[in-house]
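Below is structure.txt, which holds compact mmCIF, C-alpha atoms and all ligand atoms.
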```txt
# COMPACT_ATOMS: atom_id res chain seq x y z
CA MET M 29 36.27 78.09 -32.96
CA ARG M 30 33.95 80.80 -31.71
CA LYS M 31 34.14 79.28 -28.23
CA LEU M 32 37.92 79.59 -28.29
CA LEU M 33 37.62 83.22 -29.35
CA TYR M 34 35.35 83.94 -26.39
CA ILE M 35 37.80 82.29 -24.05
CA PHE M 36 40.59 84.36 -25.57
CA LEU M 37 38.63 87.63 -25.23
CA PHE M 38 37.55 86.76 -21.72
CA SER M 39 41.11 86.08 -20.69
CA LEU M 40 42.22 89.42 -22.12
CA LEU M 41 39.49 91.13 -20.09
CA TRP M 42 40.52 89.18 -17.03
CA GLN M 43 44.16 90.17 -17.39
CA GLY M 44 43.09 93.79 -17.87
CA CYS M 45 41.07 93.73 -14.68
CA LYS M 46 43.92 92.23 -12.76
CA GLU M 47 46.29 94.91 -13.94
CA LYS M 48 43.96 97.72 -12.97
CA LYS M 49 43.88 96.56 -9.38
CA PRO M 50 45.54 99.23 -7.24
CA VAL M 51 49.02 98.22 -6.12
CA VAL M 52 49.19 98.24 -2.33
CA THR M 53 52.76 98.76 -1.16
CA GLU M 54 52.76 98.43 2.59
CA TYR M 55 56.07 98.91 4.39
CA VAL M 56 57.07 95.75 6.18
CA SER M 57 59.57 96.44 8.93
CA PRO M 58 62.36 93.92 9.52
CA ALA M 59 62.38 94.76 13.25
CA PRO M 60 60.84 92.66 16.02
CA GLN M 61 58.03 94.00 18.20
CA PHE M 62 59.11 96.15 21.14
CA CYS M 63 57.24 95.05 24.25
CA GLU M 64 56.05 98.13 26.14
CA ASP M 65 54.84 95.99 29.05
CA SER M 66 58.34 94.76 29.75
CA ALA M 67 59.83 98.25 29.33
CA TYR M 68 57.23 99.48 31.81
CA ALA M 69 58.20 96.72 34.26
CA TYR M 70 61.88 97.73 34.00
CA VAL M 71 60.95 101.35 34.76
CA ALA M 72 58.93 100.22 37.79
CA ALA M 73 61.75 97.97 38.99
CA GLN M 74 64.20 100.89 39.03
CA CYS M 75 61.75 103.13 40.91
CA ALA M 76 61.15 100.40 43.47
CA PHE M 77 64.73 100.87 44.75
CA GLY M 78 63.85 104.44 45.71
CA PRO M 79 65.49 107.60 44.31
CA ARG M 80 68.82 106.78 42.59
CA VAL M 81 70.82 109.55 44.23
CA MET M 82 74.60 109.13 44.40
CA ASN M 83 76.06 107.93 47.72
CA THR M 84 72.85 106.10 48.70
CA ALA M 85 72.13 102.38 49.04
CA ALA M 86 69.14 102.67 46.65
CA HIS M 87 71.43 104.10 43.96
CA ASP M 88 74.06 101.42 44.39
CA SER M 89 71.57 98.55 44.45
CA CYS M 90 69.80 99.84 41.35
CA GLY M 91 73.16 100.11 39.56
CA ASP M 92 73.78 96.44 40.35
CA TYR M 93 70.29 95.60 39.06
CA ILE M 94 70.85 97.42 35.76
CA ALA M 95 74.28 95.83 35.21
CA GLN M 96 72.95 92.37 36.08
CA LYS M 97 69.96 92.73 33.74
CA PHE M 98 72.14 93.75 30.78
CA SER M 99 74.56 90.92 31.45
CA SER M 100 71.66 88.43 31.68
CA PHE M 101 70.77 89.55 28.13
CA GLY M 102 74.23 88.60 26.93
CA ALA M 103 75.94 92.00 27.05
CA THR M 104 79.53 92.54 28.10
CA VAL M 105 79.23 95.06 30.92
CA TYR M 106 81.90 97.65 31.64
CA ASP M 107 81.77 99.74 34.80
CA GLN M 108 83.26 103.16 35.04
CA TYR M 109 83.58 104.14 38.66
CA ALA M 110 84.70 107.70 39.30
CA ASP M 111 84.77 110.42 41.92
CA SER M 112 83.25 113.81 41.34
CA LYS M 113 81.82 116.79 43.19
CA LEU M 114 78.40 118.41 43.33
CA TYR M 115 77.94 122.16 42.82
CA ASP M 116 78.50 122.70 46.57
CA GLY M 117 81.64 120.60 46.78
CA THR M 118 79.99 117.45 48.13
CA ALA M 119 82.06 114.43 47.07
CA ILE M 120 80.12 111.82 45.09
CA LYS M 121 80.86 108.33 43.80
CA MET M 122 79.63 107.78 40.25
CA ARG M 123 79.18 104.67 38.14
CA ASN M 124 78.66 104.76 34.37
CA ILE M 125 77.41 101.37 33.16
CA ILE M 126 78.24 100.40 29.58
CA ALA M 127 76.56 97.28 28.16
CA ALA M 128 78.24 96.20 24.92
CA PHE M 129 76.71 93.83 22.37
CA ASN M 130 79.16 92.33 19.87
CA PRO M 131 81.95 94.07 21.82
CA ASP M 132 84.76 93.45 19.32
CA ALA M 133 82.94 94.81 16.28
CA PRO M 134 84.57 97.95 14.87
CA ALA M 135 81.43 99.87 13.80
CA ARG M 136 79.45 100.84 16.90
CA ILE M 137 76.24 102.62 17.77
CA ILE M 138 75.59 104.19 21.16
CA ILE M 139 72.14 104.24 22.72
CA SER M 140 72.30 106.08 26.03
CA GLY M 141 70.36 107.61 28.88
CA HIS M 142 70.97 108.61 32.49
CA TRP M 143 70.14 106.24 35.33
CA ASP M 144 70.47 108.59 38.31
CA SER M 145 67.52 110.57 39.60
CA ARG M 146 67.35 114.17 40.74
CA PRO M 147 68.23 114.68 44.42
CA TRP M 148 65.84 117.63 44.73
CA ALA M 149 62.22 118.19 43.66
CA ASP M 150 63.09 121.84 43.18
CA TYR M 151 60.28 122.46 40.69
CA ASP M 152 57.53 120.96 42.86
CA ASN M 153 54.55 123.26 43.50
CA ASP M 154 55.01 122.64 47.22
CA SER M 155 58.28 124.20 48.35
CA ALA M 156 58.33 121.82 51.35
CA TYR M 157 59.52 119.18 48.88
CA HIS M 158 62.22 121.21 47.15
CA ARG M 159 65.01 119.32 48.95
CA THR M 160 63.39 115.89 48.62
CA PRO M 161 64.78 113.39 46.06
CA ILE M 162 62.43 112.18 43.32
CA ASP M 163 61.52 108.77 41.88
CA GLY M 164 62.55 109.96 38.42
CA ALA M 165 60.27 107.46 36.69
CA ASN M 166 60.33 109.54 33.52
CA ASP M 167 63.50 111.53 34.19
CA GLY M 168 65.97 108.70 34.26
CA ALA M 169 64.23 105.35 34.61
CA SER M 170 62.23 105.58 31.36
CA SER M 171 65.28 105.65 29.08
CA ILE M 172 66.98 102.78 30.92
CA GLY M 173 63.69 100.83 30.80
CA VAL M 174 63.56 101.25 27.02
CA MET M 175 67.25 100.32 26.68
CA LEU M 176 66.78 97.15 28.76
CA GLU M 177 63.90 96.09 26.53
CA LEU M 178 66.04 96.74 23.42
CA ALA M 179 68.73 94.54 24.96
CA ARG M 180 66.18 91.83 25.72
CA GLN M 181 65.09 91.94 22.08
CA LEU M 182 68.70 91.47 20.91
CA HIS M 183 69.05 88.55 23.30
CA GLN M 184 65.82 86.91 22.12
CA ASP M 185 66.79 87.48 18.49
CA ALA M 186 70.14 85.76 19.05
CA ALA M 187 68.43 82.82 20.72
CA GLU M 188 65.77 82.38 18.04
CA LYS M 189 67.31 83.43 14.71
CA GLY M 190 70.61 81.56 14.58
CA ASP M 191 72.38 82.28 11.27
CA SER M 192 69.95 85.06 10.42
CA SER M 193 70.22 86.81 13.78
CA PHE M 194 70.93 90.56 14.02
CA PHE M 195 74.66 90.19 14.65
CA ALA M 196 75.11 87.16 12.39
CA LEU M 197 73.88 89.37 9.54
CA ARG M 198 75.92 92.38 10.73
CA PRO M 199 79.17 90.94 12.11
CA SER M 200 81.02 94.24 12.05
CA LEU M 201 78.30 96.18 13.94
CA GLY M 202 78.19 96.54 17.70
CA ILE M 203 75.72 98.27 20.01
CA ASP M 204 76.64 99.96 23.27
CA PHE M 205 73.97 100.85 25.80
CA ILE M 206 75.49 103.55 28.01
CA CYS M 207 73.83 104.36 31.31
CA TRP M 208 75.15 107.70 32.55
CA ASP M 209 75.35 108.46 36.21
CA ALA M 210 75.14 111.91 37.83
CA GLU M 211 73.34 113.66 34.99
CA ASP M 212 70.64 115.25 37.08
CA CYS M 213 72.53 116.84 39.97
CA GLY M 214 72.89 120.31 38.47
CA THR M 215 72.70 123.24 40.89
CA PRO M 216 69.16 123.32 42.31
CA SER M 217 67.03 126.40 41.65
CA PHE M 218 66.90 127.30 45.37
CA GLU M 219 70.66 127.97 45.31
CA ALA M 220 72.44 130.88 43.70
CA HIS M 221 73.72 129.70 40.33
CA GLY M 222 77.45 130.27 40.03
CA GLU M 223 79.09 130.94 36.70
CA ASN M 224 79.94 127.25 36.33
CA HIS M 225 76.31 126.24 36.58
CA GLU M 226 76.25 124.42 33.21
CA SER M 227 79.12 122.17 34.25
CA THR M 228 77.24 120.94 37.36
CA TRP M 229 75.01 118.76 35.11
CA CYS M 230 76.03 115.58 33.26
CA LEU M 231 78.96 114.67 35.51
CA GLY M 232 79.01 111.02 34.41
CA SER M 233 79.13 111.78 30.69
CA GLN M 234 81.68 114.54 31.33
CA TYR M 235 83.93 111.94 32.89
CA TRP M 236 83.37 109.47 30.03
CA SER M 237 84.06 112.08 27.35
CA GLY M 238 87.51 112.56 28.86
CA LYS M 239 88.18 108.86 29.42
CA HIS M 240 86.27 106.32 27.36
CA HIS M 241 85.53 102.92 28.90
CA VAL M 242 87.75 101.23 26.28
CA ASP M 243 91.04 102.69 24.99
CA GLY M 244 90.70 104.05 21.47
CA TYR M 245 86.92 103.69 21.60
CA THR M 246 84.83 105.33 18.91
CA ALA M 247 81.35 104.94 17.45
CA ARG M 248 79.49 105.86 14.26
CA TYR M 249 76.96 107.87 16.18
CA GLY M 250 74.93 108.04 19.38
CA ILE M 251 71.28 108.47 20.33
CA ASN M 252 70.64 109.75 23.86
CA LEU M 253 67.17 109.15 25.30
CA ASP M 254 65.83 111.47 28.00
CA MET M 255 62.32 111.52 29.48
CA VAL M 256 60.81 109.08 27.01
CA GLY M 257 58.03 107.73 29.25
CA ASN M 258 55.37 110.32 30.08
CA ALA M 259 51.96 110.72 28.42
CA ASN M 260 51.48 113.90 26.35
CA SER M 261 55.05 113.72 25.08
CA ILE M 262 56.34 114.91 21.74
CA PHE M 263 59.92 114.95 20.45
CA PHE M 264 61.17 118.00 18.59
CA ARG M 265 64.47 118.31 16.74
CA GLU M 266 66.87 119.54 19.39
CA THR M 267 69.23 122.35 18.37
CA ILE M 268 72.62 120.86 19.36
CA SER M 269 71.66 117.54 17.73
CA MET M 270 70.88 119.45 14.52
CA LEU M 271 74.25 121.21 14.65
CA TYR M 272 76.44 118.16 15.29
CA ALA M 273 74.46 115.20 13.98
CA PRO M 274 71.71 116.30 11.55
CA SER M 275 71.88 113.04 9.57
CA VAL M 276 71.26 111.05 12.76
CA VAL M 277 68.21 113.22 13.53
CA ASP M 278 67.00 112.53 9.97
CA LYS M 279 67.57 108.79 10.38
CA VAL M 280 65.65 108.53 13.65
CA TRP M 281 62.78 110.83 12.63
CA ALA M 282 62.43 109.03 9.26
CA ALA M 283 62.33 105.67 11.06
CA ALA M 284 59.52 106.89 13.35
CA HIS M 285 57.49 108.26 10.45
CA ARG M 286 58.01 105.11 8.37
CA ILE M 287 56.47 102.86 11.04
CA GLY M 288 53.55 105.09 12.02
CA TYR M 289 54.91 106.99 15.02
CA GLY M 290 55.20 110.30 13.18
CA LYS M 291 52.88 112.06 15.61
CA PHE M 292 55.49 111.60 18.35
CA PHE M 293 58.42 112.88 16.29
CA SER M 294 57.77 116.41 15.05
CA TYR M 295 59.98 118.06 12.42
CA GLU M 296 59.60 121.36 14.25
CA ASP M 297 62.71 122.64 15.98
CA GLY M 298 62.92 122.41 19.75
CA GLY M 299 65.39 124.51 21.71
CA ALA M 300 68.92 123.59 22.77
CA VAL M 301 69.20 121.39 25.85
CA THR M 302 72.20 120.82 28.12
CA ASP M 303 72.23 117.04 28.20
CA ASP M 304 74.54 114.03 27.98
CA HIS M 305 74.62 114.12 24.16
CA VAL M 306 76.69 117.33 24.38
CA GLN M 307 79.51 115.38 26.05
CA VAL M 308 79.38 112.58 23.47
CA ASN M 309 79.67 115.19 20.71
CA ARG M 310 82.52 116.81 22.61
CA SER M 311 84.42 113.52 22.42
CA GLY M 312 84.09 113.46 18.62
CA ILE M 313 81.11 111.13 18.20
CA PRO M 314 78.01 112.68 16.58
CA CYS M 315 75.13 112.25 19.01
CA ILE M 316 71.53 113.41 19.19
CA ASP M 317 69.14 113.92 22.10
CA VAL M 318 65.63 112.48 21.98
CA ILE M 319 64.07 114.51 24.78
CA ALA M 320 60.38 115.07 25.48
CA THR M 321 58.40 118.26 25.32
CA ASP M 322 54.94 118.33 26.94
CA THR M 323 52.26 118.66 24.24
CA ASN M 324 50.15 120.94 26.47
CA SER M 325 52.67 123.22 28.15
CA GLY M 326 55.30 123.26 25.39
CA GLY M 327 57.98 122.94 28.06
CA PHE M 328 59.62 119.96 29.75
CA PRO M 329 57.16 117.26 30.89
CA VAL M 330 54.88 118.63 33.63
CA THR M 331 56.26 116.23 36.23
CA TRP M 332 59.82 117.45 35.55
CA HIS M 333 61.82 117.76 38.81
CA THR M 334 58.67 117.37 40.91
CA MET M 335 57.40 114.69 43.30
CA ASN M 336 54.95 113.69 40.55
CA ASP M 337 57.71 112.20 38.43
CA ASN M 338 56.55 108.71 39.41
CA MET M 339 54.98 105.58 37.89
CA LYS M 340 51.50 107.17 37.85
CA TYR M 341 52.50 109.29 34.86
CA ILE M 342 54.32 106.62 32.86
CA SER M 343 52.67 105.88 29.52
CA LYS M 344 53.20 102.56 27.76
CA GLU M 345 52.23 104.26 24.51
CA THR M 346 55.17 106.68 24.69
CA LEU M 347 57.59 103.90 25.72
CA LYS M 348 56.38 101.88 22.72
CA ALA M 349 56.71 104.75 20.23
CA VAL M 350 60.31 105.44 21.24
CA GLY M 351 61.29 101.79 21.71
CA GLN M 352 59.83 100.61 18.39
CA THR M 353 61.51 103.53 16.63
CA MET M 354 64.85 102.50 18.13
CA LEU M 355 64.36 98.91 16.98
CA GLU M 356 63.56 100.22 13.49
CA VAL M 357 66.78 102.27 13.46
CA MET M 358 68.80 99.27 14.65
CA TRP M 359 67.27 96.75 12.26
CA THR M 360 67.68 99.00 9.23
CA GLU M 361 71.33 99.73 10.01
CA GLN M 362 73.79 97.90 7.76
C1 LIG M 401 68.89 121.44 32.16
O1 LIG M 401 67.85 121.59 32.74
C2 LIG M 401 70.02 122.34 32.31
N1 LIG M 401 69.08 120.42 31.36
C3 LIG M 401 68.08 119.43 31.13
C4 LIG M 401 68.70 118.12 31.13
C5 LIG M 401 67.89 117.24 31.94
C6 LIG M 401 67.62 117.35 33.27
N2 LIG M 401 67.28 116.19 31.51
C7 LIG M 401 66.66 115.64 32.49
N3 LIG M 401 66.85 116.33 33.58
ZN ZN M 402 66.19 115.99 35.26
```
What would the structure in this file look like if it were written as structure tokens?
Amino acid sequence: MRKLLYIFLFSLLWQGCKEKKPVVTEYVSPAPQFCEDSAYAYVAAQCAFGPRVMNTAAHDSCGDYIAQKFSSFGATVYDQYADSKLYDGTAIKMRNIIAAFNPDAPARIIISGHWDSRPWADYDNDSAYHRTPIDGANDGASSIGVMLELARQLHQDAAEKGDSSFFALRPSLGIDFICWDAEDCGTPSFEAHGENHESTWCLGSQYWSGKHHVDGYTARYGINLDMVGNANSIFFRETISMLYAPSVVDKVWAAAHRIGYGKFFSYEDGGAVTDDHVQVNRSGIPCIDVIATDTNSGGFPVTWHTMNDNMKYISKETLKAVGQTMLEVMWTEQ
């Protein structure tokens, strides 16, 4: 009898101990792992063509590469070819590349970035290079590199997950990766800036905002990526994004903080930037800009519009922080 009592008391004690154990609630993300090595390889592959300046063979070949990569990952690729003019009247041929996943789904999300590179290193310390085109490893190739890796993840997910794949679970959701052309050809600083200076940037997205790639196209929201590959990068909340799409800023910043990349996504306000997201907003779709600020200078990345915007300054850590955050946003979307 006494033995039973001891067993009873002991078990009470035991239960008590178990209950006092601290409850560890660790967030488990539903998203797959973004591979920064493959994103890095896609950035390098674009740079290997040479500067992606309109009306050049390097540009055209790289456009084919990007379109082919997206289609190899199972996307439906739309091309938007258009004519435009530089600040000085030079005629250019542009190509926006839109890679659609689950193309017939009514609820769509845009993830975008520009694929052209700046024709002039007009902020290089050496003025001898001011008219030389740049690699644009960060300014251009980094966002497309991240987007290609996101597309590869969707493709892999579809191949491996079957009935529980991303789109099987979200049949009415579609994702469009939009690669803008002719973003970075705004009037160079060595020329007098006319009064239409602002409109000399973002020519590809300007065209798209007037004529979407699909009639009647719309999307829930957009996230534009710009300069997401350099070391010493931090992302502030950009002013125009906060005006037109504050809930999208909240969504993306919360996703980053949830998965441990909070140090890259600061809740401080950045300034307003003329970028492709402005054109997406203009066409009625709320869109934010995820654009880097240099942690040391507080301005654009130090290689911005210089000959140093090359692979030497690309950081896998920054690519990973942005790419994993994007996967988190996608995989927590209903
Ligand atoms: C201007 O400098 C006017 N806008 C910045 C947009 C940009 C250029 N992003 C990359 N290159
Ligand atoms: Zn630029």
Neighbours of Lys291 of chain M within 12 Å (all atoms listed in the file; same-chain residues fewer than 5 positions away dropped), as a compact mmCIF listing (two decimals) with C-alpha atoms, keeping the file's coordinate frame?
```
# COMPACT_ATOMS: atom_id res chain seq x y z
CA ASN M 260 51.48 113.90 26.35
CA SER M 261 55.05 113.72 25.08
CA ILE M 262 56.34 114.91 21.74
CA PHE M 263 59.92 114.95 20.45
CA PHE M 264 61.17 118.00 18.59
CA TRP M 281 62.78 110.83 12.63
CA ALA M 282 62.43 109.03 9.26
CA ALA M 284 59.52 106.89 13.35
CA HIS M 285 57.49 108.26 10.45
CA ARG M 286 58.01 105.11 8.37
CA GLU M 296 59.60 121.36 14.25
CA THR M 323 52.26 118.66 24.24
CA GLU M 345 52.23 104.26 24.51
CA THR M 346 55.17 106.68 24.69
CA ALA M 349 56.71 104.75 20.23
CA VAL M 350 60.31 105.44 21.24
```
For the interface of chain M with ligand ZN 402 (chain M) (cut-off 9 Å, counting all atoms listed in the file), please tabulate each contacting residue of chain M alongside its nearest pair of atoms and their separation in Å to one decimal, rows sorted by chain and increasing number, as a Markdown table.
```
| residue | atom | partner | partner_atom | distance |
| --- | --- | --- | --- | --- |
| M:Ser145 | CA | M:ZN402 | ZN | 7.1 |
| M:Arg146 | CA | M:ZN402 | ZN | 5.9 |
| M:Gly164 | CA | M:ZN402 | ZN | 7.7 |
| M:Asn166 | CA | M:ZN402 | ZN | 8.9 |
| M:Asp167 | CA | M:ZN402 | ZN | 5.3 |
| M:Gly168 | CA | M:ZN402 | ZN | 7.4 |
| M:Glu211 | CA | M:ZN402 | ZN | 7.5 |
| M:Asp212 | CA | M:ZN402 | ZN | 4.9 |
| M:Cys213 | CA | M:ZN402 | ZN | 7.9 |
| M:Gly214 | CA | M:ZN402 | ZN | 8.6 |
| M:Asp254 | CA | M:ZN402 | ZN | 8.6 |
| M:Met255 | CA | M:ZN402 | ZN | 8.3 |
| M:Trp332 | CA | M:ZN402 | ZN | 6.5 |
| M:His333 | CA | M:ZN402 | ZN | 5.9 |
```
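Take the candidates M:Pro314, M:Gly327, M:Gly173, M:Gly222 and check each one against Phe98 of chain M using all atoms listed in the file; the shortest distance goes to M:Gly173.
Of the listed residues (M:Ile120, M:Ala196, M:Val105, M:Ala165), M:Ala165 comes nearest to ligand LIG 401 (chain M); the distances count all atoms listed in the file.
Note that the spacing between atom CA of Tyr115 of chain M and atom CA of Thr84 of chain M amounts to 17.8 Å.
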- Task: Would you list the contacts of segment 272-276 of chain M as a ChimeraX atom specification, taking every protein, DNA or RNA residue within 7 Å and counting all atoms listed in the file, but skipping same-chain residues closer than 5 positions in sequence?
- Result: /M:309,314-316
Could you pull the residues within 8 Å of Val357 of chain M, counting only C-alpha atoms, minus those fewer than 4 positions along the same chain, as a compact mmCIF listing (two decimals) with C-alpha atoms, in the coordinates of the input?
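Writing the result to part32.txt gives the following:
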```txt
# COMPACT_ATOMS: atom_id res chain seq x y z
CA LYS M 279 67.57 108.79 10.38
CA VAL M 280 65.65 108.53 13.65
CA ALA M 283 62.33 105.67 11.06
CA THR M 353 61.51 103.53 16.63
CA GLU M 361 71.33 99.73 10.01
```
- atom CA of Ile125 of chain M to atom CA of Asp107 of chain M, straight-line distance in Å: 4.9 Å
- Quick one: of M:Asp204, M:Asp191, M:Glu223, M:Glu54, who's nearest to Pro134 of chain M, counting all atoms listed in the file? M:Asp204
- Query: Of the candidates M:Ala187, M:Ile126, M:Ala72, M:Val318, which shows the shortest atom-to-atom distance to ligand LIG 401 (chain M), using only C-alpha atoms and all ligand atoms?
  - Reply: M:Val318
- Message: When you look at Ser343 of chain M with a cut-off of 9 Å (counting only C-alpha atoms), what residues show up, excluding the ones that are within fewer than 2 positions of it in the same chain? I need them as a count of residues only.
- Response: 12
- Of M:Val71, M:Asp92, M:Ser100, M:Glu64, the one nearest to Lys344 of chain M when counting all atoms listed in the file is M:Glu64
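Using all atoms listed in the file, the shortest contact distance between ligand LIG 401 (chain M) and any of M:Ala169, M:Ile342, M:Leu271, M:Ile313 is found at M:Ala169.
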- Query: What is the distance, in Å and to one decimal place, between atom CA of Pro131 of chain M and atom CA of Ala103 of chain M?
  - Reply: 8.2 Å
- Mind checking which residues fall within 12 Å of Ser269 of chain M, counting all atoms listed in the file, ignoring those fewer than 6 positions away in the same chain, and posting them as an MDAnalysis selection string? chainID M and resid 249:252 275:278 280 297:310 313:319
Let me have the centre and edge lengths of the axis-aligned box enclosing all listed atoms of segment 183-190 of chain M with 6 Å padding on every side, in Å to one decimal, as lines of an AutoDock Vina configuration file.
```
center_x = 68.2
center_y = 85.1
center_z = 18.9
size_x = 16.8
size_y = 19.0
size_z = 20.7
```
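Protein and nucleic acid residues near (72.0, 86.4, 28.6) are Ala95, Gln96, Lys97, Phe98, Ser99, Ser100, Phe101, Gly102, Ala103, Thr104, Val105, Ala127, Phe129, Leu176, Ala179, Arg180, Gln181, Leu182, His183, Gln184, Asp185, Ala186 and Ala187 of chain M, the criterion being any atom at most 12 Å away using only C-alpha atoms.
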Based on the selection just made, write C-alpha atoms of those residues as a short mmCIF file (atom, residue, chain, number, x, y, z; two decimals), keeping the file's coordinate frame.
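Final file, result-v5.cif:
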```
data_model
loop_
_atom_site.label_atom_id
_atom_site.label_comp_id
_atom_site.auth_asym_id
_atom_site.auth_seq_id
_atom_site.Cartn_x
_atom_site.Cartn_y
_atom_site.Cartn_z
CA ALA M 95 74.28 95.83 35.21
CA GLN M 96 72.95 92.37 36.08
CA LYS M 97 69.96 92.73 33.74
CA PHE M 98 72.14 93.75 30.78
CA SER M 99 74.56 90.92 31.45
CA SER M 100 71.66 88.43 31.68
CA PHE M 101 70.77 89.55 28.13
CA GLY M 102 74.23 88.60 26.93
CA ALA M 103 75.94 92.00 27.05
CA THR M 104 79.53 92.54 28.10
CA VAL M 105 79.23 95.06 30.92
CA ALA M 127 76.56 97.28 28.16
CA PHE M 129 76.71 93.83 22.37
CA LEU M 176 66.78 97.15 28.76
CA ALA M 179 68.73 94.54 24.96
CA ARG M 180 66.18 91.83 25.72
CA GLN M 181 65.09 91.94 22.08
CA LEU M 182 68.70 91.47 20.91
CA HIS M 183 69.05 88.55 23.30
CA GLN M 184 65.82 86.91 22.12
CA ASP M 185 66.79 87.48 18.49
CA ALA M 186 70.14 85.76 19.05
CA ALA M 187 68.43 82.82 20.72
#
```
Can you write segment 318-331 of chain M from the block above with N, CA, C and O atoms, as a PDB file, in the first residue's frame?
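Below is the file that was written, result.pdb:
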```pdb
ATOM      1  N   VAL M 318      12.400  46.702 -53.361  1.00  0.00           N
ATOM      2  CA  VAL M 318      13.409  46.232 -52.406  1.00  0.00           C
ATOM      3  C   VAL M 318      14.744  46.623 -53.015  1.00  0.00           C
ATOM      4  O   VAL M 318      15.238  45.977 -53.940  1.00  0.00           O
ATOM      5  N   ILE M 319      15.300  47.736 -52.559  1.00  0.00           N
ATOM      6  CA  ILE M 319      16.493  48.309 -53.177  1.00  0.00           C
ATOM      7  C   ILE M 319      17.532  48.604 -52.102  1.00  0.00           C
ATOM      8  O   ILE M 319      17.200  49.134 -51.038  1.00  0.00           O
ATOM      9  N   ALA M 320      18.777  48.245 -52.392  1.00  0.00           N
ATOM     10  CA  ALA M 320      19.826  48.289 -51.370  1.00  0.00           C
ATOM     11  C   ALA M 320      20.339  49.692 -51.087  1.00  0.00           C
ATOM     12  O   ALA M 320      20.430  50.542 -51.969  1.00  0.00           O
ATOM     13  N   THR M 321      20.677  49.862 -49.822  1.00  0.00           N
ATOM     14  CA  THR M 321      21.454  51.014 -49.367  1.00  0.00           C
ATOM     15  C   THR M 321      22.754  50.438 -48.816  1.00  0.00           C
ATOM     16  O   THR M 321      22.752  49.361 -48.218  1.00  0.00           O
ATOM     17  N   ASP M 322      23.874  51.135 -49.045  1.00  0.00           N
ATOM     18  CA  ASP M 322      25.161  50.685 -48.519  1.00  0.00           C
ATOM     19  C   ASP M 322      25.245  50.998 -47.027  1.00  0.00           C
ATOM     20  O   ASP M 322      24.983  52.132 -46.618  1.00  0.00           O
ATOM     21  N   THR M 323      25.585  49.971 -46.219  1.00  0.00           N
ATOM     22  CA  THR M 323      25.582  50.166 -44.759  1.00  0.00           C
ATOM     23  C   THR M 323      26.637  51.173 -44.309  1.00  0.00           C
ATOM     24  O   THR M 323      26.498  51.777 -43.251  1.00  0.00           O
ATOM     25  N   ASN M 324      27.697  51.360 -45.111  1.00  0.00           N
ATOM     26  CA  ASN M 324      28.745  52.306 -44.707  1.00  0.00           C
ATOM     27  C   ASN M 324      28.468  53.720 -45.181  1.00  0.00           C
ATOM     28  O   ASN M 324      28.537  54.669 -44.412  1.00  0.00           O
ATOM     29  N   SER M 325      28.131  53.858 -46.456  1.00  0.00           N
ATOM     30  CA  SER M 325      27.962  55.209 -47.016  1.00  0.00           C
ATOM     31  C   SER M 325      26.558  55.762 -46.791  1.00  0.00           C
ATOM     32  O   SER M 325      26.343  56.970 -46.821  1.00  0.00           O
ATOM     33  N   GLY M 326      25.570  54.888 -46.601  1.00  0.00           N
ATOM     34  CA  GLY M 326      24.191  55.339 -46.463  1.00  0.00           C
ATOM     35  C   GLY M 326      23.564  55.750 -47.786  1.00  0.00           C
ATOM     36  O   GLY M 326      22.421  56.214 -47.827  1.00  0.00           O
ATOM     37  N   GLY M 327      24.301  55.567 -48.876  1.00  0.00           N
ATOM     38  CA  GLY M 327      23.758  55.873 -50.200  1.00  0.00           C
ATOM     39  C   GLY M 327      23.553  54.583 -50.989  1.00  0.00           C
ATOM     40  O   GLY M 327      23.517  53.493 -50.409  1.00  0.00           O
ATOM     41  N   PHE M 328      23.440  54.685 -52.308  1.00  0.00           N
ATOM     42  CA  PHE M 328      23.363  53.492 -53.140  1.00  0.00           C
ATOM     43  C   PHE M 328      24.649  52.683 -52.929  1.00  0.00           C
ATOM     44  O   PHE M 328      25.657  53.227 -52.472  1.00  0.00           O
ATOM     45  N   PRO M 329      24.619  51.390 -53.261  1.00  0.00           N
ATOM     46  CA  PRO M 329      25.839  50.578 -53.121  1.00  0.00           C
ATOM     47  C   PRO M 329      27.045  51.284 -53.753  1.00  0.00           C
ATOM     48  O   PRO M 329      26.909  51.966 -54.775  1.00  0.00           O
ATOM     49  N   VAL M 330      28.225  51.104 -53.129  1.00  0.00           N
ATOM     50  CA  VAL M 330      29.405  51.876 -53.560  1.00  0.00           C
ATOM     51  C   VAL M 330      29.839  51.594 -54.994  1.00  0.00           C
ATOM     52  O   VAL M 330      30.509  52.413 -55.614  1.00  0.00           O
ATOM     53  N   THR M 331      29.440  50.445 -55.529  1.00  0.00           N
ATOM     54  CA  THR M 331      29.822  50.141 -56.913  1.00  0.00           C
ATOM     55  C   THR M 331      28.822  50.707 -57.923  1.00  0.00           C
ATOM     56  O   THR M 331      28.996  50.535 -59.130  1.00  0.00           O
TER      57      THR M 331
END
```
